[in-house]
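Trainee: Could you have a look at this structure, given as structure tokens, before my questions?
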Amino acid sequence: MNKKYKGIIYIIISAFCFAFMNMFVHMSGDLPSIQKSFFRNFVAAIFACAVLLKERAPFQCRAENLPYMLLRSVFGTAGILCNFYAVDHLVLADASMLNKMSPFFAVLFSCLILKEKVTVPQGVIVAGAFIGSMFVVKPTFSNMDLIPSIIGLCGGIGAGAAYTMVRKLGENGEKGPFIVFFFSAFSCLVTLPWLIFDFHPMTGRQLAILLLAGTAAAGGQFSITAAYTCAPAREISVYDYSQIIFSAAMGYAVFGQIPDALSWLGYGIICAMAVCMFLYNNELAKKGNNKKFKDRR
């Protein structure tokens with residue numbers, strides 16, 4: 001099978017897994033987001049550890065990669081905590097869409113941190129996506145979901161910064177399973193003190209649901225890593241927005257949630273901007289390849 005098609009299949013599987021993760025997190029009930037985050041990352045760390053042991057890979061990163069690994073873990077942990085809070089307090093599709101602002105924030109962080117150039121069309125597309133997110137957030141004082149929505153958007157910002165670090169680590173030759181393991185173990189260690197001093201007793205059902213959330217998260221992380229190994233982001237990233245379809249369907253089927261008209265308008269704008277970014281990046285890649293071909297001639 002063509003690597004691009006493999007990448008598309010992997011990223012859709014990843015979107016499906018992350019939609020299930022959000023559903024299980026919501027189903028687990030009235031537990032602190034930090035406690036939910038611990039169990040989600042604990043399962044992912046076990047899976048990543050098993051992969052590293054199977055491949056007999058070393059449990060260490062290069063010295064020059066350590067700062068990026070720590071930044072990836074800090075931003076990723078903050079993003080997960082914000083996302084889980086939003087999942088608990090918003091319609092499932094709204095929380096998922098706000099988290100999917102991460103690719104657009106990744107463009108901004110790539111410019112600020114990695115010093116990559118952002119073209120005018122890319123800047124316009126990012127601004128358009130942010131305007132779309134405001135239809136989901138609905139920033140008015142009468143909106144009871146304003147704070148959870150802002151926190152959900154912060155989750156997208158954290159995820160965007162984390163993915164920027166992942167990109168840098170990938171360029172520096174760091175292996176995907178170790179990145180997943182380091183991040184998951186880091187998140188567990190950071191949240192462990194809160195878990196010890198503010199542990200909320202769980203029923204057997206809640207524990208089982210959180211373990212399922214962790215399993216789904218591990219499937220999503222490994223799938224998205226495999227996807228970007230098979231094909232560049234510009235060719236497949238737009239398919240990651242299939243998570244919104246999965247989340248909306250699960251939210252309706254399991255919780256009876258129906259997003260309002262403004263949220264649907266926001267979804268449409270953000271998805272349209274994602275398609276525009278996808279097409280624009282592909283066009284840039286074609287021009288770059290044509291230039292290289294002419295230079296060789």
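In the structure tokens, each chain is lettered A, B, ... as it comes, each chain's residues begin at 1, and ligands are numbered from 1 in order of appearance.
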Set the distance at 6 Å and use only C-alpha atoms: which residues neighbour segment 19-30 of chain A once local chain neighbours fewer than 6 positions away are removed? I'd like the list as a list in words.
Mentor: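 Near neighbours after the sequence-gap exclusion: Asp88, Gln206, Ile209, Ala213, Ala216, Ala217, Gln243 and Ser247 of chain A.
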Trainee: Fewer than 5 positions away in the same chain doesn't count, so skip those; otherwise give me all residues within 7 Å of Leu169 of chain A, counting only C-alpha atoms, as a ChimeraX atom specification.
Mentor: /A:65,68,174
Trainee: Quick one: of A:Leu192, A:Cys271, A:Leu108, A:Ala50, who's nearest to Tyr239 of chain A, counting only C-alpha atoms?
Mentor: A:Cys271
Trainee: Do a neighbour search on Ser237 of chain A at 10 Å with only C-alpha atoms, toss out local chain neighbours closer than 4 positions, and write the hits as a PyMOL selection string.
Mentor: chain A and resi 7-8+11-12+103+224+227-228+231-233+241+274-275+277-278
Trainee: One decimal, in Å: what's the spacing between atom CA of Phe186 of chain A and atom CA of Asn83 of chain A?
Mentor: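 A separation of 17.6 Å between them.
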Trainee: Contacts of segment 146-158 of chain A at 7 Å or less, counting only C-alpha atoms, minus same-chain residues fewer than 2 places along, as a PyMOL selection string?
Mentor: chain A and resi 75-76+78-80+82-83+85-86+89-90+95+98-102+105+137-139+143-144+160-162
Trainee: For atom CA of Phe255 of chain A and atom CA of Phe42 of chain A, determine how far apart the two atoms are, in Å to one decimal place.
Mentor: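 Separation between atom CA of Phe255 of chain A and atom CA of Phe42 of chain A: 26.5 Å.
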Trainee: List the neighbours of Ile179 of chain A out to 9 Å using only C-alpha atoms; skip same-chain residues closer than 2 positions along the sequence, and give me the result as a list in words.
Mentor: Ala48, Cys61, Met69, Arg72, Ser73, Val166, Leu169, Glu174, Lys175, Gly176, Pro177, Phe181, Phe182, Phe183 and Ser184 of chain A
Trainee: Which residue, A:Leu189, A:Leu52, A:Met134, A:Ala226, has the smallest gap to Ser14 of chain A when you use only C-alpha atoms?
Mentor: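 The answer is A:Ala226, which sits nearest to Ser14 of chain A.
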Trainee: Between atom CA of Gln35 of chain A and atom CA of Phe178 of chain A, what is the distance, to one decimal in Å?
Mentor: 23.4 Å
